[in-house]
>>> print(open('structure14.cif').read())   # mmCIF, C-alpha atoms
data_data
loop_
_atom_site.label_atom_id
_atom_site.label_comp_id
_atom_site.auth_asym_id
_atom_site.auth_seq_id
_atom_site.Cartn_x
_atom_site.Cartn_y
_atom_site.Cartn_z
CA MET A 576 86.91 124.20 126.94
CA LYS A 577 86.07 126.88 129.51
CA ASP A 578 85.90 126.20 133.23
CA THR A 579 82.59 127.95 133.86
CA TYR A 580 79.40 128.07 131.81
CA ILE A 581 76.05 129.84 132.12
CA VAL A 582 72.92 127.67 132.11
CA LYS A 583 71.20 129.74 129.42
CA ASP A 584 74.22 129.54 127.11
CA VAL A 585 74.57 125.80 127.59
CA LEU A 586 70.93 125.27 126.63
CA VAL A 587 71.43 127.34 123.49
CA GLU A 588 74.57 125.41 122.54
CA ILE A 589 72.99 121.98 123.08
CA THR A 590 69.89 122.98 121.12
CA LYS A 591 72.03 124.24 118.24
CA THR A 592 74.03 120.99 118.15
CA LEU A 593 70.96 118.75 118.27
CA LYS A 594 68.79 120.71 115.84
CA PRO A 595 69.93 119.02 112.59
CA PHE A 596 69.40 115.55 114.06
CA ILE A 597 66.26 115.41 116.21
CA GLU A 598 62.70 116.76 116.17
CA ARG A 599 62.58 118.59 119.54
CA PRO A 600 66.09 119.92 120.14
CA ALA A 601 65.14 122.63 122.67
CA LYS A 602 63.02 120.24 124.76
CA GLU A 603 65.68 117.55 124.75
CA ALA A 604 68.38 120.08 125.63
CA GLN A 605 66.27 121.03 128.64
CA LEU A 606 65.68 117.39 129.67
CA MET A 607 69.34 116.55 129.25
CA LEU A 608 70.55 119.47 131.35
CA MET A 609 67.94 118.76 134.05
CA ALA A 610 69.17 115.16 134.28
CA PHE A 611 72.82 116.24 134.30
CA LEU A 612 72.31 118.81 137.06
CA LYS A 613 69.73 116.67 138.90
CA VAL A 614 67.27 119.56 139.03
CA ASP A 615 63.62 120.01 138.05
CA GLU A 616 62.13 122.22 135.35
CA LEU A 617 61.28 125.02 137.77
CA TRP A 618 64.91 125.30 138.90
CA LEU A 619 66.12 125.37 135.31
CA LEU A 620 63.67 128.10 134.32
CA THR A 621 64.48 130.28 137.33
CA ASN A 622 68.26 129.86 137.26
CA GLN A 623 69.11 130.73 133.66
CA ARG A 624 72.08 132.87 134.78
CA SER A 625 73.53 130.30 137.17
CA GLU A 626 77.05 129.05 136.57
CA ILE A 627 77.90 125.39 136.05
CA THR A 628 81.25 123.64 135.75
CA ASP A 629 82.71 120.28 134.75
CA ILE A 630 80.37 119.71 131.80
CA GLN A 631 82.59 117.40 129.76
CA LYS A 632 80.25 114.51 130.57
CA LEU A 633 77.27 116.58 129.43
CA PHE A 634 78.77 117.16 125.99
CA LYS A 635 79.54 113.45 125.71
CA TRP A 636 75.81 112.94 126.26
CA VAL A 637 75.12 115.42 123.44
CA ASP A 638 77.51 113.55 121.11
CA ALA A 639 75.73 110.29 121.89
CA ARG A 640 72.33 111.85 121.17
CA VAL A 641 73.60 113.13 117.82
CA LYS A 642 74.39 109.49 117.01
CA ASN A 643 70.73 108.68 117.78
CA VAL A 644 71.31 106.97 121.11
CA PRO A 645 67.91 107.27 122.87
CA LEU A 646 67.82 110.09 125.40
CA GLU A 647 66.50 107.71 128.07
CA TYR A 648 69.60 105.51 127.80
CA ILE A 649 71.84 108.58 127.99
CA THR A 650 70.22 109.98 131.14
CA ASN A 651 69.31 106.53 132.58
CA SER A 652 65.85 107.87 133.30
CA VAL A 653 62.38 107.34 131.85
CA SER A 654 58.99 108.69 132.87
CA PHE A 655 56.13 106.20 133.18
CA TYR A 656 52.77 106.62 134.90
CA SER A 657 53.95 110.00 136.28
CA GLN A 658 57.00 108.48 137.96
CA GLU A 659 60.70 108.38 137.11
CA PHE A 660 62.31 104.98 136.59
CA TYR A 661 65.87 103.84 135.98
CA ILE A 662 66.54 102.58 132.45
CA ALA A 663 69.63 101.34 130.62
CA GLU A 664 70.56 99.46 127.48
CA GLY A 665 69.42 95.90 128.04
CA ALA A 666 65.78 96.73 128.74
CA LEU A 667 63.17 98.11 126.36
CA ILE A 668 62.38 101.79 126.89
CA PRO A 669 58.78 102.03 128.19
CA ARG A 670 56.36 103.76 125.84
CA PRO A 671 53.39 105.91 126.87
CA GLU A 672 51.05 103.37 125.24
CA THR A 673 52.01 100.78 127.82
CA GLU A 674 50.36 102.95 130.48
CA LEU A 675 47.09 101.87 128.85
CA LEU A 676 47.89 98.27 129.78
CA ILE A 677 48.00 99.34 133.43
CA ASP A 678 44.62 101.05 133.01
CA GLU A 679 43.14 97.89 131.51
CA VAL A 680 44.24 95.77 134.45
CA LEU A 681 42.86 98.29 136.95
CA LYS A 682 39.57 98.25 135.06
CA ASN A 683 39.30 94.45 135.17
CA VAL A 684 40.05 93.82 138.86
CA LYS A 685 37.15 95.01 140.97
CA SER A 686 39.00 95.32 144.28
CA LEU A 687 42.41 96.87 144.90
CA ASP A 688 42.56 94.74 148.07
CA ALA A 689 42.36 91.48 146.13
CA LYS A 690 44.80 88.78 147.26
CA MET A 691 45.88 87.63 143.82
CA THR A 692 48.97 86.27 142.12
CA PHE A 693 50.08 88.42 139.20
CA VAL A 694 52.70 87.22 136.74
CA GLU A 695 54.42 89.46 134.22
CA VAL A 696 56.21 87.87 131.28
CA GLY A 697 58.98 90.04 129.82
CA VAL A 698 59.50 92.27 132.84
CA GLY A 699 62.13 94.48 131.17
CA SER A 700 62.74 97.47 133.44
CA GLY A 701 60.06 96.34 135.89
CA ILE A 702 57.72 99.26 135.38
CA ILE A 703 54.49 97.29 134.84
CA SER A 704 54.85 95.07 137.91
CA ILE A 705 55.93 98.00 140.08
CA VAL A 706 53.00 100.24 139.16
CA LEU A 707 50.52 97.38 139.53
CA ALA A 708 52.01 96.47 142.92
CA GLN A 709 51.56 100.09 144.02
CA HIS A 710 47.83 99.71 143.33
CA PHE A 711 47.27 96.13 144.52
CA LYS A 712 48.72 96.19 148.02
CA ASN A 713 47.77 92.59 148.93
CA ALA A 714 48.79 90.91 145.68
CA LYS A 715 51.83 88.74 145.00
CA PHE A 716 53.92 89.49 141.91
CA ILE A 717 56.27 87.24 139.98
CA ALA A 718 58.13 88.81 137.07
CA VAL A 719 59.94 86.76 134.43
CA ASP A 720 62.44 87.68 131.74
CA ILE A 721 64.72 85.72 129.43
CA SER A 722 67.43 88.37 129.85
CA GLN A 723 69.60 88.50 132.97
CA GLU A 724 70.57 92.05 132.00
CA ALA A 725 66.91 93.13 132.01
CA LEU A 726 66.38 91.49 135.40
CA CYS A 727 69.29 93.50 136.82
CA ILE A 728 67.68 96.73 135.57
CA ALA A 729 64.31 95.68 136.98
CA LYS A 730 65.97 94.95 140.33
CA VAL A 731 67.30 98.53 140.51
CA ASN A 732 63.76 99.88 140.08
CA ILE A 733 62.22 97.36 142.46
CA GLN A 734 64.67 98.41 145.16
CA LYS A 735 64.19 102.10 144.36
CA PHE A 736 60.45 101.80 144.97
CA GLY A 737 60.77 99.52 148.00
CA MET A 738 59.16 96.53 146.29
CA GLY A 739 61.76 93.89 147.13
CA ASP A 740 59.32 91.93 149.30
CA ARG A 741 56.44 92.31 146.82
CA ILE A 742 57.95 91.39 143.44
CA GLU A 743 59.97 88.23 142.83
CA LEU A 744 62.19 88.15 139.75
CA ARG A 745 62.83 84.91 137.86
CA LEU A 746 65.03 84.13 134.86
CA GLY A 747 63.43 82.08 132.12
CA SER A 748 61.34 81.91 128.98
CA LEU A 749 57.63 82.75 129.12
CA LEU A 750 55.94 80.76 131.93
CA GLU A 751 58.58 78.02 132.22
CA PRO A 752 59.80 79.25 135.66
CA ILE A 753 56.24 79.43 137.06
CA ASP A 754 54.66 76.47 138.88
CA GLU A 755 52.24 78.52 140.99
CA ASP A 756 48.61 79.12 140.13
CA ILE A 757 48.22 82.44 138.32
CA ASP A 758 45.25 84.76 138.72
CA TYR A 759 46.34 87.48 136.32
CA LEU A 760 48.96 87.33 133.54
CA VAL A 761 50.24 90.56 132.00
CA SER A 762 52.75 91.00 129.22
CA ASN A 763 54.18 93.49 126.75
CA PRO A 764 55.86 90.82 124.63
CA PRO A 765 57.89 91.15 121.43
CA TYR A 766 55.38 91.36 118.58
CA ILE A 767 57.22 92.82 115.57
CA ALA A 768 57.85 90.48 112.61
CA ASP A 769 61.52 89.50 112.36
CA LYS A 770 62.42 91.21 109.08
CA THR A 771 60.56 94.46 109.71
CA PRO A 772 62.86 97.48 109.10
CA LEU A 773 63.10 99.69 112.18
CA GLU A 774 64.14 103.26 112.87
CA SER A 775 67.85 103.59 113.68
CA ASN A 776 67.30 104.55 117.33
CA LEU A 777 65.62 101.17 117.93
CA SER A 778 68.91 99.45 117.11
CA TYR A 779 70.10 100.40 120.60
CA GLU A 780 67.21 98.56 122.27
CA PRO A 781 67.29 94.80 122.99
CA GLN A 782 66.19 93.05 119.82
CA ASN A 783 64.74 90.08 121.71
CA ALA A 784 62.27 92.52 123.28
CA LEU A 785 61.14 93.77 119.87
CA PHE A 786 61.00 90.87 117.41
CA GLY A 787 58.39 88.21 118.07
CA GLY A 788 59.05 85.73 115.24
CA VAL A 789 58.62 85.37 111.50
CA VAL A 790 55.03 86.64 111.60
CA GLY A 791 55.41 88.63 114.81
CA ASP A 792 52.59 87.19 116.91
CA GLU A 793 54.19 83.84 117.73
CA ILE A 794 55.02 84.70 121.35
CA ILE A 795 51.54 86.09 121.96
CA LYS A 796 50.08 82.80 120.71
CA GLU A 797 52.44 80.79 122.95
CA LEU A 798 51.18 82.81 125.91
CA LEU A 799 47.57 82.22 124.86
CA VAL A 800 48.25 78.47 124.83
CA GLU A 801 49.52 78.69 128.40
CA VAL A 802 46.59 80.84 129.52
CA LEU A 803 44.10 78.30 128.20
CA LYS A 804 46.02 75.28 129.49
CA ARG A 805 46.58 76.71 132.98
CA LYS A 806 43.12 78.28 133.14
CA ILE A 807 44.47 81.72 134.05
CA ASN A 808 41.55 83.98 134.91
CA PHE A 809 42.79 87.13 133.16
CA PHE A 810 45.40 87.88 130.51
CA THR A 811 46.13 91.46 129.44
CA CYS A 812 48.64 91.79 126.63
CA GLU A 813 50.02 94.46 124.35
CA MET A 814 50.10 93.67 120.62
CA GLY A 815 50.81 95.11 117.18
CA TYR A 816 48.13 97.29 115.60
CA GLU A 817 47.52 94.75 112.80
CA GLN A 818 47.22 91.64 114.99
CA LYS A 819 43.64 91.93 116.28
CA GLY A 820 42.14 89.77 113.52
CA LYS A 821 44.77 87.05 113.93
CA ILE A 822 44.15 86.82 117.66
CA GLN A 823 40.39 86.67 117.16
CA THR A 824 40.83 83.87 114.61
CA TYR A 825 43.23 81.98 116.85
CA LEU A 826 40.74 82.04 119.73
CA SER A 827 37.63 81.41 117.63
CA ASN A 828 37.36 77.73 118.63
CA GLN A 829 38.33 78.23 122.27
CA ALA A 830 36.08 78.54 125.29
CA PHE A 831 36.35 81.83 127.16
CA GLU A 832 34.06 84.37 128.76
CA GLN A 833 35.21 87.61 127.16
CA LEU A 834 37.78 89.09 124.77
CA ASP A 835 38.15 92.88 124.76
CA PHE A 836 40.55 94.95 122.67
CA TYR A 837 41.76 98.44 123.50
CA LYS A 838 43.24 101.21 121.37
CA ASP A 839 46.27 103.46 121.86
CA TYR A 840 46.47 107.25 121.80
CA SER A 841 46.57 107.20 117.98
CA ASN A 842 43.41 105.07 117.83
CA PHE A 843 45.30 101.96 116.71
CA ASP A 844 44.50 98.57 118.22
CA ARG A 845 47.19 98.12 120.86
CA GLY A 846 46.20 95.32 123.23
CA PHE A 847 43.58 92.98 124.59
CA THR A 848 42.26 91.33 127.73
CA LEU A 849 41.15 87.71 127.67
CA LYS A 850 38.90 86.59 130.50
CA LEU A 851 38.32 82.87 130.93
#
>>> encode(input="structure14.cif", output="structure tokens")
Amino acid sequence: MKDTYIVKDVLVEITKTLKPFIERPAKEAQLMLMAFLKVDELWLLTNQRSEITDIQKLFKWVDARVKNVPLEYITNSVSFYSQEFYIAEGALIPRPETELLIDEVLKNVKSLDAKMTFVEVGVGSGIISIVLAQHFKNAKFIAVDISQEALCIAKVNIQKFGMGDRIELRLGSLLEPIDEDIDYLVSNPPYIADKTPLESNLSYEPQNALFGGVVGDEIIKELLVEVLKRKINFFTCEMGYEQKGKIQTYLSNQAFEQLDFYKDYSNFDRGFTLKL
């Protein structure tokens, strides 16, 4: 292996290596090199003839991507709501559709100055609670996860964004660790049926953040039970595209003010807000 490489040549080599295995090899080569060099896209485009050294680690990243390890886990970085967050194996990689959950919450709370208690179940990397806390400056946030590994990843992001005094992390299942009154519950819970075959890259993500039970909607229904029992004012939740009818049926004999569903970027049903 040479001692010195040219940026343009490295991009060509990475793209060539990735091309048989992934859909956007040139784009991913660019993202990978940006993360490796800790530079932005403008720098990369304007420094094509620059020399770089010590790229053994970079080509280990390429080898991992060829094996279908998600790019976000390789670079330990994921973009969400126009911000960059830390991510690692042990927490689900945030999807663009989850940004819609944020939008739903913002739509339902009339005042950004509201002094409310938000609870997030299944905090994962912490992205939902962090973005909501950035909007609701006077709100209290409690974020729960069953995985200690996920909580450690969330803590990195909470510290990165200076939210240590705004978001409290708790280990536990669903709402078991929560005794406080809750104004707004949010969750992107596991909702895939247990025996559903998944793409190979999903095998690297925490399975307890993906599979929600034999049918898939069991955890959502457990949360609905808690919402009704504790009289939580709002509950915004992500769901599977085929679960709308089951949720409507489950709530058909319950008393509530409003149930609204929202769609994702592909026009599939992706979540709902229940208002008591």
>>> resolve_selection(input="structure14.cif", expression="the PyMOL selection byres ((chain A and resi 728) around 10)", output="list in words")
Phe660, Tyr661, Ile662, Ala663, Glu664, Gly665, Ala666, Val698, Gly699, Ser700, Gly701, Gln723, Glu724, Ala725, Leu726, Cys727, Ala729, Lys730, Val731, Asn732 and Ile733 of chain A
>>> residues_around(input="structure14.cif", residues="stretch 772-783 of chain A", least_positions_apart="2", cutoff="7 Å", atoms="all atoms listed in the file", output="compact mmCIF listing (two decimals) with C-alpha atoms, in the coordinates of the input")
# COMPACT_ATOMS: atom_id res chain seq x y z
CA ASN A 643 70.73 108.68 117.78
CA VAL A 644 71.31 106.97 121.11
CA PRO A 645 67.91 107.27 122.87
CA GLU A 664 70.56 99.46 127.48
CA GLY A 665 69.42 95.90 128.04
CA ALA A 666 65.78 96.73 128.74
CA LEU A 667 63.17 98.11 126.36
CA PRO A 765 57.89 91.15 121.43
CA LYS A 770 62.42 91.21 109.08
CA LEU A 785 61.14 93.77 119.87
CA PHE A 786 61.00 90.87 117.41
>>> resolve_selection(input="structure14.cif", expression="the PyMOL selection byres ((chain A and resi 676) around 9)", output="ChimeraX atom specification")
/A:672-675,677-681,703,761-763,811-813,837,845-847
>>> resolve_selection(input="structure14.cif", expression="the PyMOL selection byres ((chain A and resi 601) around 12)", output="list in words")
Lys583, Val585, Leu586, Val587, Glu588, Ile589, Thr590, Lys591, Thr592, Leu593, Lys594, Pro595, Phe596, Ile597, Glu598, Arg599, Pro600, Lys602, Glu603, Ala604, Gln605, Leu606, Met607 and Leu608 of chain A
>>> atom_distance(input="structure14.cif", atom1="atom CA of A:Arg745", atom2="atom CA of A:Asn808")
21.5 Å
>>> build_atoms(input="structure14.cif", residues="stretch 719-736 of chain A", atoms="N, CA, C and O atoms", output="tab-separated table (two decimals), in the frame of the given file")
chain	number	residue	atom	x	y	z
A	719	VAL	N	59.03	87.65	135.15
A	719	VAL	CA	59.94	86.76	134.43
A	719	VAL	C	60.56	87.47	133.23
A	719	VAL	O	59.90	88.27	132.57
A	720	ASP	N	61.82	87.18	132.97
A	720	ASP	CA	62.44	87.68	131.74
A	720	ASP	C	63.50	86.68	131.30
A	720	ASP	O	64.12	86.01	132.13
A	721	ILE	N	63.70	86.62	129.99
A	721	ILE	CA	64.72	85.72	129.43
A	721	ILE	C	66.11	86.33	129.52
A	721	ILE	O	67.12	85.64	129.33
A	722	SER	N	66.17	87.63	129.83
A	722	SER	CA	67.43	88.37	129.85
A	722	SER	C	67.86	88.67	131.28
A	722	SER	O	67.15	89.33	132.04
A	723	GLN	N	69.05	88.20	131.65
A	723	GLN	CA	69.60	88.50	132.97
A	723	GLN	C	69.89	89.99	133.09
A	723	GLN	O	69.72	90.59	134.17
A	724	GLU	N	70.28	90.61	132.00
A	724	GLU	CA	70.57	92.05	132.00
A	724	GLU	C	69.31	92.84	132.32
A	724	GLU	O	69.34	93.79	133.12
A	725	ALA	N	68.18	92.44	131.72
A	725	ALA	CA	66.91	93.13	132.01
A	725	ALA	C	66.53	92.94	133.47
A	725	ALA	O	66.06	93.88	134.12
A	726	LEU	N	66.71	91.75	134.00
A	726	LEU	CA	66.38	91.49	135.40
A	726	LEU	C	67.20	92.37	136.34
A	726	LEU	O	66.69	92.82	137.37
A	727	CYS	N	68.45	92.63	135.99
A	727	CYS	CA	69.29	93.50	136.82
A	727	CYS	C	68.75	94.93	136.82
A	727	CYS	O	68.76	95.62	137.85
A	728	ILE	N	68.27	95.40	135.67
A	728	ILE	CA	67.68	96.73	135.57
A	728	ILE	C	66.39	96.79	136.36
A	728	ILE	O	66.13	97.75	137.10
A	729	ALA	N	65.56	95.74	136.21
A	729	ALA	CA	64.31	95.68	136.98
A	729	ALA	C	64.58	95.70	138.48
A	729	ALA	O	63.86	96.34	139.25
A	730	LYS	N	65.64	95.01	138.91
A	730	LYS	CA	65.97	94.95	140.33
A	730	LYS	C	66.30	96.34	140.88
A	730	LYS	O	65.91	96.67	142.02
A	731	VAL	N	66.99	97.16	140.09
A	731	VAL	CA	67.30	98.53	140.51
A	731	VAL	C	66.01	99.29	140.80
A	731	VAL	O	65.87	99.97	141.83
A	732	ASN	N	65.03	99.18	139.90
A	732	ASN	CA	63.76	99.88	140.08
A	732	ASN	C	62.94	99.31	141.22
A	732	ASN	O	62.30	100.05	141.98
A	733	ILE	N	62.96	98.00	141.36
A	733	ILE	CA	62.22	97.36	142.46
A	733	ILE	C	62.76	97.83	143.81
A	733	ILE	O	62.01	98.14	144.74
A	734	GLN	N	64.08	97.92	143.92
A	734	GLN	CA	64.67	98.41	145.16
A	734	GLN	C	64.40	99.90	145.36
A	734	GLN	O	64.12	100.34	146.49
A	735	LYS	N	64.44	100.65	144.28
A	735	LYS	CA	64.19	102.10	144.36
A	735	LYS	C	62.81	102.38	144.93
A	735	LYS	O	62.64	103.31	145.73
A	736	PHE	N	61.82	101.58	144.54
A	736	PHE	CA	60.45	101.80	144.97
A	736	PHE	C	60.06	100.93	146.16
A	736	PHE	O	58.88	100.86	146.52
